[in-house]
$ cat entry37.tsv   # TSV, C-alpha atoms
chain	number	residue	atom	x	y	z
P	1	MET	CA	120.14	-10.86	6.90
P	2	GLN	CA	121.34	-11.21	10.49
P	3	ASN	CA	117.71	-11.33	11.62
P	4	ASP	CA	117.01	-14.17	9.19
P	5	ASN	CA	119.85	-16.19	10.64
P	6	LEU	CA	118.68	-15.45	14.15
P	7	ASN	CA	115.15	-16.55	13.33
P	8	GLU	CA	116.45	-19.70	11.68
P	9	GLN	CA	118.57	-20.56	14.74
P	10	PHE	CA	115.67	-19.86	17.06
P	11	GLU	CA	113.26	-21.99	15.04
P	12	LYS	CA	115.75	-24.89	15.00
P	13	TRP	CA	116.18	-24.66	18.76
P	14	GLN	CA	112.43	-24.40	19.28
P	15	LEU	CA	111.85	-27.47	17.11
P	16	GLN	CA	114.41	-29.53	19.03
P	17	LEU	CA	112.91	-28.44	22.31
P	18	ARG	CA	109.41	-29.30	21.13
P	19	LYS	CA	110.54	-32.73	19.93
P	20	GLY	CA	112.22	-33.43	23.24
P	21	ALA	CA	109.25	-32.28	25.26
P	22	LEU	CA	106.62	-34.16	23.26
P	23	ILE	CA	106.77	-37.48	25.15
P	24	TYR	CA	106.79	-35.59	28.43
P	25	MET	CA	103.70	-33.61	27.37
P	26	VAL	CA	101.81	-36.68	26.17
P	27	LEU	CA	102.49	-38.44	29.48
P	28	ALA	CA	101.55	-35.34	31.48
P	29	LEU	CA	98.26	-34.94	29.58
P	30	LEU	CA	97.32	-38.59	29.97
P	31	ASP	CA	98.25	-38.53	33.63
P	32	LYS	CA	95.29	-36.21	34.18
P	33	ASN	CA	92.77	-38.07	32.03
P	34	GLU	CA	92.59	-40.83	29.46
P	35	MET	CA	92.10	-39.32	26.01
P	36	TYR	CA	91.25	-40.48	22.49
P	37	GLY	CA	93.65	-39.75	19.61
P	38	TYR	CA	91.99	-36.64	18.20
P	39	GLU	CA	91.39	-35.14	21.65
P	40	LEU	CA	94.99	-35.76	22.73
P	41	ILE	CA	96.45	-34.26	19.56
P	42	THR	CA	94.29	-31.13	19.63
P	43	SER	CA	95.17	-30.64	23.32
P	44	LEU	CA	98.86	-30.95	22.45
P	45	SER	CA	98.49	-28.42	19.63
P	46	LYS	CA	96.85	-25.94	21.99
P	47	LYS	CA	99.46	-26.41	24.73
P	48	MET	CA	102.37	-26.11	22.33
P	49	GLY	CA	100.86	-23.05	20.75
P	50	ALA	CA	101.93	-24.13	17.32
P	51	ASP	CA	100.35	-25.55	14.23
P	52	MET	CA	101.68	-29.04	13.80
P	53	ALA	CA	100.79	-31.73	11.31
P	54	GLU	CA	98.54	-33.81	13.52
P	55	GLY	CA	99.43	-37.07	11.79
P	56	THR	CA	103.04	-36.93	12.96
P	57	ILE	CA	101.93	-37.61	16.55
P	58	TYR	CA	100.47	-41.04	15.76
P	59	PRO	CA	103.83	-42.78	15.13
P	60	LEU	CA	104.98	-41.39	18.49
P	61	LEU	CA	101.86	-42.70	20.25
P	62	ASN	CA	102.47	-46.07	18.62
P	63	ARG	CA	106.07	-46.06	19.85
P	64	MET	CA	104.92	-45.21	23.37
P	65	VAL	CA	102.45	-48.11	23.33
P	66	ARG	CA	105.17	-50.46	22.03
P	67	SER	CA	107.53	-49.26	24.75
P	68	GLU	CA	104.83	-50.08	27.30
P	69	MET	CA	104.31	-46.53	28.57
P	70	LEU	CA	100.72	-46.38	27.32
P	71	THR	CA	97.82	-48.73	26.82
P	72	PHE	CA	94.75	-48.24	24.63
P	73	ASP	CA	91.29	-49.58	23.90
P	74	TRP	CA	88.79	-48.96	21.13
P	75	ARG	CA	85.32	-47.82	22.14
P	76	ILE	CA	82.20	-47.75	20.03
P	77	MET	CA	80.34	-44.46	20.55
P	78	GLU	CA	76.59	-44.00	20.51
P	79	SER	CA	77.04	-41.24	17.96
P	80	GLY	CA	80.08	-40.34	15.93
P	81	PRO	CA	83.10	-42.45	15.03
P	82	ALA	CA	84.66	-45.14	17.25
P	83	ARG	CA	87.41	-43.79	19.51
P	84	LYS	CA	90.79	-45.21	20.45
P	85	TYR	CA	91.38	-44.19	24.05
P	86	TYR	CA	94.95	-43.96	25.36
P	87	GLN	CA	95.85	-44.45	29.02
P	88	ILE	CA	99.12	-43.99	30.88
P	89	ASN	CA	100.24	-47.09	32.81
P	90	LYS	CA	102.50	-47.70	35.80
P	91	SER	CA	105.82	-47.54	33.92
P	92	GLY	CA	104.59	-44.46	32.03
P	93	ARG	CA	103.89	-42.77	35.37
P	94	ARG	CA	107.33	-43.69	36.68
P	95	LEU	CA	108.92	-42.20	33.56
P	96	LEU	CA	106.79	-39.08	33.89
P	97	GLU	CA	107.93	-38.66	37.50
P	98	ARG	CA	111.61	-38.90	36.47
P	99	MET	CA	111.09	-36.51	33.57
P	100	HIS	CA	109.34	-34.08	35.84
P	101	GLN	CA	112.22	-34.11	38.35
P	102	HIS	CA	114.78	-33.63	35.60
P	103	TRP	CA	112.78	-30.85	33.98
P	104	GLN	CA	112.55	-29.14	37.36
P	105	SER	CA	116.31	-29.32	37.89
P	106	VAL	CA	117.02	-27.97	34.37
P	107	SER	CA	114.50	-25.19	34.94
P	108	ASP	CA	116.10	-24.31	38.31
P	109	ALA	CA	119.56	-24.26	36.76
P	110	LEU	CA	118.35	-21.96	33.97
P	111	GLN	CA	116.68	-19.71	36.50
P	112	GLU	CA	119.94	-19.44	38.43
P	113	LEU	CA	121.84	-18.63	35.26
P	114	THR	CA	119.46	-15.90	34.18
P	115	ASP	CA	119.34	-14.44	37.72
P	116	ASP	CA	123.13	-14.05	37.85
X	1	MET	CA	84.55	-49.81	12.30
X	2	THR	CA	84.60	-46.21	11.05
X	3	GLU	CA	83.18	-45.57	7.60
X	4	ALA	CA	82.20	-42.22	6.12
X	5	THR	CA	79.46	-41.52	3.63
X	6	PHE	CA	79.11	-38.08	2.10
X	7	THR	CA	76.22	-36.72	0.09
X	8	GLN	CA	78.59	-34.66	-2.08
X	9	VAL	CA	80.41	-36.70	-4.73
X	10	GLN	CA	83.51	-34.49	-4.53
X	11	ALA	CA	83.76	-34.95	-0.77
X	12	GLN	CA	83.45	-38.74	-1.13
X	13	SER	CA	86.15	-38.64	-3.78
X	14	VAL	CA	88.54	-36.60	-1.56
X	15	TRP	CA	87.97	-39.10	1.26
X	16	THR	CA	88.41	-42.18	-0.95
X	17	ASN	CA	91.60	-40.82	-2.53
X	18	TYR	CA	93.12	-40.08	0.86
X	19	ILE	CA	92.24	-43.49	2.29
X	20	SER	CA	93.55	-45.23	-0.85
X	21	LYS	CA	96.88	-43.40	-0.45
X	22	VAL	CA	97.10	-44.56	3.17
X	23	GLU	CA	96.29	-48.15	2.13
X	24	GLY	CA	98.98	-47.99	-0.54
X	25	LEU	CA	101.57	-47.02	2.06
X	26	CYS	CA	100.59	-49.87	4.41
X	27	THR	CA	101.27	-52.83	2.11
X	28	ALA	CA	104.16	-54.09	4.26
X	29	LEU	CA	101.83	-54.62	7.21
X	30	ASP	CA	99.60	-57.57	7.98
X	31	HIS	CA	95.84	-57.22	7.80
X	32	ARG	CA	95.36	-56.47	11.52
X	33	GLN	CA	98.07	-53.77	11.63
X	34	LYS	CA	96.79	-52.15	8.45
X	35	ALA	CA	93.19	-52.15	9.69
X	36	ASP	CA	94.30	-50.57	12.96
X	37	ILE	CA	96.08	-47.65	11.23
X	38	LEU	CA	93.19	-47.11	8.83
X	39	ALA	CA	90.65	-47.11	11.67
X	40	GLU	CA	92.65	-44.57	13.63
X	41	ILE	CA	93.10	-42.24	10.65
X	42	LYS	CA	89.42	-42.50	9.70
X	43	ALA	CA	88.34	-41.83	13.29
X	44	HIS	CA	90.64	-38.79	13.48
X	45	LEU	CA	89.42	-37.36	10.17
X	46	LEU	CA	85.77	-37.80	11.09
X	47	GLU	CA	86.24	-36.17	14.52
X	48	SER	CA	88.04	-33.28	12.84
X	49	TYR	CA	85.37	-33.08	10.10
X	50	ILE	CA	82.64	-32.75	12.73
X	51	GLN	CA	84.54	-29.83	14.33
X	52	PHE	CA	84.62	-27.91	11.01
X	53	ASP	CA	80.94	-27.06	11.00
X	54	VAL	CA	81.13	-24.27	8.40
X	55	GLY	CA	81.20	-24.83	4.64
X	56	ASP	CA	80.21	-27.69	2.38
X	57	GLU	CA	81.26	-31.31	2.87
X	58	GLU	CA	84.19	-31.08	0.47
X	59	SER	CA	85.74	-28.04	2.13
X	60	ARG	CA	85.22	-29.53	5.59
X	61	ILE	CA	86.85	-32.87	4.78
X	62	SER	CA	89.65	-31.06	2.90
X	63	ALA	CA	90.29	-28.88	5.96
X	64	ALA	CA	90.40	-31.98	8.19
X	65	ILE	CA	92.90	-33.60	5.82
X	66	ALA	CA	95.05	-30.45	5.71
X	67	LYS	CA	95.29	-30.49	9.52
X	68	LEU	CA	96.14	-34.18	9.69
X	69	GLY	CA	98.79	-33.92	6.96
X	70	GLN	CA	99.48	-35.81	3.75
X	71	PRO	CA	99.86	-39.60	4.18
X	72	GLU	CA	103.42	-39.52	2.77
X	73	ASP	CA	104.43	-37.24	5.64
X	74	PHE	CA	103.53	-39.55	8.52
X	75	VAL	CA	102.24	-42.97	7.42
X	76	PRO	CA	105.69	-44.38	6.43
X	77	LEU	CA	107.04	-43.62	9.92
X	78	TRP	CA	103.93	-45.14	11.45
X	79	VAL	CA	104.34	-48.28	9.30
X	80	GLU	CA	107.97	-48.51	10.40
X	81	GLU	CA	106.86	-48.33	14.01
X	82	ARG	CA	104.36	-51.14	13.45
X	83	LEU	CA	107.01	-53.24	11.69
X	84	LEU	CA	109.14	-52.96	14.82
X	85	GLU	CA	106.53	-55.12	16.54
X	86	ALA	CA	108.44	-57.88	14.74
X	87	VAL	CA	111.20	-57.52	17.33
X	88	GLN	CA	108.72	-58.31	20.08
X	89	PRO	CA	107.60	-61.80	21.17
X	90	GLY	CA	104.70	-63.20	19.18
X	91	ALA	CA	105.77	-61.59	15.90
X	92	THR	CA	105.09	-63.53	12.72
X	93	THR	CA	107.71	-64.52	10.14
X	94	ARG	CA	105.96	-62.18	7.71
X	95	ASN	CA	106.52	-59.27	10.13
X	96	LEU	CA	110.21	-60.19	10.38
X	97	TYR	CA	110.58	-60.45	6.60
X	98	PHE	CA	109.15	-56.97	6.01
X	99	LEU	CA	111.19	-55.54	8.87
X	100	LEU	CA	114.41	-56.95	7.40
X	101	ARG	CA	113.42	-55.74	3.94
X	102	SER	CA	112.73	-52.20	5.12
X	103	ASN	CA	115.88	-52.20	7.27
X	104	ALA	CA	118.08	-53.41	4.37
X	105	LEU	CA	117.55	-50.18	2.46
X	106	LYS	CA	118.80	-47.90	5.21
X	107	GLY	CA	122.54	-48.27	4.80
X	108	VAL	CA	125.41	-50.61	3.99
X	109	GLN	CA	125.68	-52.00	7.51
X	110	GLN	CA	121.93	-52.66	7.71
X	111	PHE	CA	121.99	-54.23	4.23
X	112	LEU	CA	124.77	-56.65	5.18
X	113	PHE	CA	123.05	-57.50	8.43
X	114	SER	CA	119.74	-58.19	6.65
X	115	MET	CA	121.54	-60.43	4.14
X	116	ILE	CA	123.20	-62.44	6.95
X	117	ALA	CA	119.91	-62.76	8.83
X	118	GLY	CA	118.07	-63.73	5.63
X	119	PHE	CA	120.70	-66.39	4.87
X	120	GLY	CA	120.37	-67.70	8.43
X	121	TYR	CA	116.60	-68.07	8.04
X	122	LEU	CA	117.05	-69.86	4.70
X	123	LEU	CA	119.56	-72.26	6.28
X	124	SER	CA	117.16	-72.94	9.15
X	125	PHE	CA	114.39	-73.67	6.63
X	126	TYR	CA	116.76	-75.96	4.68
X	127	PHE	CA	117.56	-78.00	7.83
X	128	PHE	CA	113.85	-78.32	8.51
X	129	ILE	CA	113.04	-79.47	4.96
X	130	MET	CA	115.90	-81.98	4.92
X	131	ALA	CA	114.79	-83.45	8.26
X	132	ALA	CA	111.21	-83.77	6.98
X	133	LEU	CA	112.21	-85.27	3.60
X	134	LYS	CA	114.46	-87.86	5.26
X	135	VAL	CA	111.30	-89.65	6.41
X	136	PHE	CA	109.99	-89.98	2.83
X	137	PHE	CA	113.29	-90.52	0.96
X	138	PRO	CA	115.54	-92.30	3.47
X	139	GLN	CA	117.90	-93.68	0.80
X	140	ASN	CA	118.64	-90.40	-0.94
X	141	ILE	CA	118.32	-87.64	1.62
X	142	GLY	CA	120.91	-87.24	4.35
X	143	LEU	CA	124.20	-85.90	5.56
X	144	TYR	CA	126.84	-87.52	3.37
X	145	LEU	CA	130.58	-87.56	3.05
X	146	SER	CA	131.83	-87.27	-0.52
X	147	PRO	CA	134.71	-89.48	-1.80
X	148	THR	CA	137.00	-86.46	-1.29
X	149	GLY	CA	135.87	-86.15	2.35
X	150	ILE	CA	133.62	-83.07	2.01
X	151	PRO	CA	130.37	-83.22	4.03
X	152	PHE	CA	127.16	-82.57	2.10
X	153	LEU	CA	123.56	-82.24	3.27
X	154	GLY	CA	120.98	-82.92	0.60
X	155	TYR	CA	119.84	-85.32	-2.09
X	156	VAL	CA	122.32	-87.92	-3.35
X	157	ASP	CA	121.80	-90.58	-6.02
X	158	ALA	CA	125.22	-92.27	-6.09
X	159	ASP	CA	126.84	-95.07	-4.11
X	160	GLU	CA	130.22	-93.45	-3.59
X	161	PHE	CA	128.81	-91.06	-0.93
X	162	THR	CA	128.91	-92.32	2.66
X	163	GLU	CA	125.99	-91.40	4.89
X	164	ILE	CA	126.98	-90.09	8.31
X	165	LEU	CA	123.87	-89.55	10.42
X	166	GLY	CA	121.23	-91.93	9.07
X	167	TYR	CA	117.84	-91.38	10.71
X	168	TRP	CA	119.46	-89.20	13.35
X	169	LEU	CA	119.17	-86.48	10.71
X	170	VAL	CA	115.47	-86.10	11.63
X	171	PRO	CA	115.87	-85.05	15.29
X	172	ILE	CA	119.23	-83.33	14.75
X	173	GLY	CA	117.95	-81.47	11.67
X	174	LEU	CA	114.79	-80.33	13.44
X	175	MET	CA	116.71	-79.26	16.54
X	176	SER	CA	119.24	-77.35	14.41
X	177	ALA	CA	116.43	-75.62	12.49
X	178	ILE	CA	114.69	-74.52	15.70
X	179	LEU	CA	117.94	-73.44	17.36
X	180	LEU	CA	119.13	-71.48	14.32
X	181	HIS	CA	115.72	-69.80	13.94
X	182	TYR	CA	115.79	-68.82	17.63
X	183	VAL	CA	119.37	-67.47	17.48
X	184	ILE	CA	118.75	-65.44	14.30
X	185	THR	CA	115.48	-64.02	15.64
X	186	HIS	CA	117.20	-63.05	18.89
X	187	MET	CA	120.01	-61.42	16.88
X	188	VAL	CA	117.51	-59.54	14.67
X	189	ARG	CA	115.66	-58.20	17.72
X	190	ARG	CA	118.88	-56.96	19.31
X	191	TRP	CA	120.25	-55.39	16.13
X	192	VAL	CA	117.05	-53.72	15.05
X	193	SER	CA	116.57	-52.28	18.53
X	194	ARG	CA	120.15	-50.98	18.33
X	195	PHE	CA	119.64	-49.42	14.89
X	196	ARG	CA	116.36	-47.94	16.06
X	197	HIS	CA	118.00	-46.52	19.17
X	198	THR	CA	120.84	-45.00	17.13
X	199	ASN	CA	118.37	-43.48	14.64
X	200	SER	CA	116.21	-42.02	17.44
X	201	GLU	CA	119.25	-40.32	18.95
X	202	GLY	CA	120.09	-38.83	15.55
X	203	GLU	CA	116.61	-37.44	14.95
$ encode --input "entry37.tsv" --output "structure tokens"
Amino acid sequence: MQNDNLNEQFEKWQLQLRKGALIYMVLALLDKNEMYGYELITSLSKKMGADMAEGTIYPLLNRMVRSEMLTFDWRIMESGPARKYYQINKSGRRLLERMHQHWQSVSDALQELTDD
Amino acid sequence: MTEATFTQVQAQSVWTNYISKVEGLCTALDHRQKADILAEIKAHLLESYIQFDVGDEESRISAAIAKLGQPEDFVPLWVEERLLEAVQPGATTRNLYFLLRSNALKGVQQFLFSMIAGFGYLLSFYFFIMAALKVFFPQNIGLYLSPTGIPFLGYVDADEFTEILGYWLVPIGLMSAILLHYVITHMVRRWVSRFRHTNSEGE
């Protein structure tokens, strides 16, 4: 019974953490390379190490485009379906830099706490 | 842009049913927005389908759908995101109407706000129509003062009403319509962004 509660609490915390880190991860992935929707989502799934409903990422990508962090363009492929490629832009990179600094400071603080 | 044809009837049926469900959830969007969502979903499913290279067509497309998720689980949120384009410059009145409609159902405060905004748009439209009709019915359309001193904008067919503005109603009416439309749209953009921000924090 206690274990169930513990698992439930952990899963809730993990979910919140994942939600919070999602924008950061999308920006970090696109900072390396432009990616099309399917490629980006499967990369995210692998990095997060969890099965997630892939569709739920699309509203987030749309929000990031609307907030002018990302740009996109459709490309017709020689074989296979057309692809919508996402790219990080200047303001997306600035946000990523700030997120990275903050993440680093949180990580350092946690490290200090666990070392004590 | 991205169409799928399957040799297996069952696979085609699974695909068509899924795409129909998505289309049914996108009715609030304009043609361009709807086409964009459909193209992205189709592209994703086909990429995923290609990756599942074991099994028959039906099991492969079903597996791709299972990974993407049921439309009800993510398309409504996606549609809401697209509707928020209405708070950005260049949005159409249709976008704003659907945004206000979807916002009205989210709580008492949002409902009241949508009603006020909707009334504001109607008033703006009324000013515009009155200004335009004044040109065709100069004797009966105008801003009048009733015998009891109450101002009235509209159609009058009686001598006891005194007209106040005359032909000035045309420029003043048009200016008022444009100004009111601008103010309401600005207010809608601010409020919807605020509601959206509050909801995002609560998620």
$ closest_residue --input "entry37.tsv" --among "P:Leu70, P:Met25, P:Met48, P:Ala53" --to "chain X" --atoms "all atoms listed in the file"
P:Ala53
$ atom_distance --input "entry37.tsv" --atom1 "CA of Ala21 (chain P)" --atom2 "CA of Gly92 (chain P)"
14.7 Å
$ interface_residues --input "entry37.tsv" --of "chain X" --to "chain P" --cutoff "8 Å" --atoms "all atoms listed in the file" --output "list in words"
Met1, Thr2, Glu40, Ala43, His44, Leu46, Glu47, Ser48, Lys67, Leu68, Gly69, Asp73, Phe74, Val75, Leu77, Trp78, Glu81, Arg82 and Glu85 of chain X
$ atom_distance --input "entry37.tsv" --atom1 "CA of Gln8 (chain X)" --atom2 "CA of Glu58 (chain X)"
7.1 Å
$ atom_distance --input "entry37.tsv" --atom1 "CA of Met187 (chain X)" --atom2 "CA of Phe113 (chain X)"
9.8 Å
$ residues_near_point --input "entry37.tsv" --point "(113.5, -54.8, 11.4)" --cutoff "8 Å" --atoms "all atoms listed in the file" --output "JSON, numbers by chain"
{"X": [83, 84, 86, 87, 96, 97, 98, 99, 100, 101, 102, 103, 188, 189, 192]}
$ residues_near_point --input "entry37.tsv" --point "(102.7, -45.0, 35.9)" --cutoff "12 Å" --atoms "all atoms listed in the file" --output "list in words"
Leu27, Ala28, Leu30, Asp31, Lys32, Glu68, Met69, Leu70, Thr71, Gln87, Ile88, Asn89, Lys90, Ser91, Gly92, Arg93, Arg94, Leu95, Leu96, Glu97 and Arg98 of chain P
$ closest_residue --input "entry37.tsv" --among "X:Val9, X:Ile184, X:Leu179, X:Ile37" --to "Met115 (chain X)" --atoms "all atoms listed in the file"
X:Ile184
$ residues_around --input "entry37.tsv" --residues "Ala177 (chain X)" --least-positions-apart "4" --cutoff "6 Å" --atoms "only C-alpha atoms" --output "JSON, numbers by chain"
{"X": [124, 127, 128]}
$ write_last_selection --input "entry37.tsv" --atoms "C-alpha atoms" --output "PDB file, keeping the file's coordinate frame"
ATOM      1  CA  SER X 124     117.160 -72.940   9.150  1.00  0.00           C
ATOM      2  CA  PHE X 127     117.560 -78.000   7.830  1.00  0.00           C
ATOM      3  CA  PHE X 128     113.850 -78.320   8.510  1.00  0.00           C
TER       4      PHE X 128
END
$ decode --input "entry37.tsv" --residues "region 38-66 of chain P" --atoms "N, CA and C atoms" --output "short mmCIF file (atom, residue, chain, number, x, y, z; two decimals), in the first residue's frame"
data_model
loop_
_atom_site.label_atom_id
_atom_site.label_comp_id
_atom_site.auth_asym_id
_atom_site.auth_seq_id
_atom_site.Cartn_x
_atom_site.Cartn_y
_atom_site.Cartn_z
N TYR P 38 8.04 13.78 -37.39
CA TYR P 38 8.16 12.39 -36.94
C TYR P 38 9.54 12.13 -36.33
N GLU P 39 10.57 12.66 -37.00
CA GLU P 39 11.95 12.47 -36.55
C GLU P 39 12.16 13.11 -35.16
N LEU P 40 11.63 14.31 -35.00
CA LEU P 40 11.77 15.03 -33.74
C LEU P 40 11.07 14.29 -32.60
N ILE P 41 9.87 13.80 -32.88
CA ILE P 41 9.09 13.14 -31.84
C ILE P 41 9.70 11.79 -31.46
N THR P 42 10.19 11.05 -32.43
CA THR P 42 10.82 9.76 -32.08
C THR P 42 12.14 10.00 -31.32
N SER P 43 12.86 11.06 -31.68
CA SER P 43 14.09 11.39 -30.93
C SER P 43 13.75 11.74 -29.48
N LEU P 44 12.68 12.53 -29.32
CA LEU P 44 12.25 12.90 -27.97
C LEU P 44 11.88 11.67 -27.15
N SER P 45 11.13 10.77 -27.78
CA SER P 45 10.72 9.53 -27.09
C SER P 45 11.93 8.75 -26.60
N LYS P 46 12.93 8.65 -27.48
CA LYS P 46 14.14 7.90 -27.11
C LYS P 46 14.87 8.57 -25.97
N LYS P 47 15.03 9.90 -26.05
CA LYS P 47 15.77 10.64 -25.02
C LYS P 47 15.06 10.57 -23.68
N MET P 48 13.73 10.64 -23.72
CA MET P 48 12.97 10.66 -22.47
C MET P 48 12.82 9.26 -21.90
N GLY P 49 13.10 8.29 -22.72
CA GLY P 49 13.03 6.91 -22.25
C GLY P 49 11.65 6.49 -21.80
N ALA P 50 10.65 7.08 -22.43
CA ALA P 50 9.28 6.73 -22.02
C ALA P 50 8.39 6.68 -23.24
N ASP P 51 7.39 5.83 -23.16
CA ASP P 51 6.41 5.77 -24.23
C ASP P 51 5.45 6.93 -24.06
N MET P 52 5.40 7.80 -25.02
CA MET P 52 4.44 8.90 -24.90
C MET P 52 3.57 8.91 -26.15
N ALA P 53 2.35 9.39 -25.99
CA ALA P 53 1.46 9.50 -27.15
C ALA P 53 2.07 10.59 -28.04
N GLU P 54 2.54 10.16 -29.21
CA GLU P 54 3.29 11.07 -30.06
C GLU P 54 2.50 12.32 -30.45
N GLY P 55 1.18 12.14 -30.62
CA GLY P 55 0.34 13.25 -31.05
C GLY P 55 0.37 14.44 -30.11
N THR P 56 0.59 14.18 -28.82
CA THR P 56 0.52 15.28 -27.84
C THR P 56 1.64 16.30 -28.03
N ILE P 57 2.68 15.95 -28.79
CA ILE P 57 3.79 16.89 -29.00
C ILE P 57 3.42 17.95 -30.04
N TYR P 58 2.54 17.61 -30.98
CA TYR P 58 2.22 18.56 -32.05
C TYR P 58 1.62 19.88 -31.56
N PRO P 59 0.66 19.85 -30.59
CA PRO P 59 0.17 21.15 -30.10
C PRO P 59 1.31 22.00 -29.50
N LEU P 60 2.25 21.33 -28.85
CA LEU P 60 3.39 22.05 -28.26
C LEU P 60 4.26 22.68 -29.37
N LEU P 61 4.52 21.92 -30.42
CA LEU P 61 5.31 22.44 -31.54
C LEU P 61 4.60 23.65 -32.15
N ASN P 62 3.27 23.52 -32.27
CA ASN P 62 2.49 24.62 -32.82
C ASN P 62 2.61 25.87 -31.94
N ARG P 63 2.56 25.65 -30.62
CA ARG P 63 2.67 26.77 -29.68
C ARG P 63 4.05 27.43 -29.81
N MET P 64 5.06 26.60 -29.98
CA MET P 64 6.43 27.14 -30.09
C MET P 64 6.62 27.93 -31.38
N VAL P 65 5.93 27.50 -32.44
CA VAL P 65 5.99 28.26 -33.70
C VAL P 65 5.27 29.60 -33.51
N ARG P 66 4.08 29.54 -32.87
CA ARG P 66 3.29 30.75 -32.64
C ARG P 66 4.04 31.74 -31.74
#
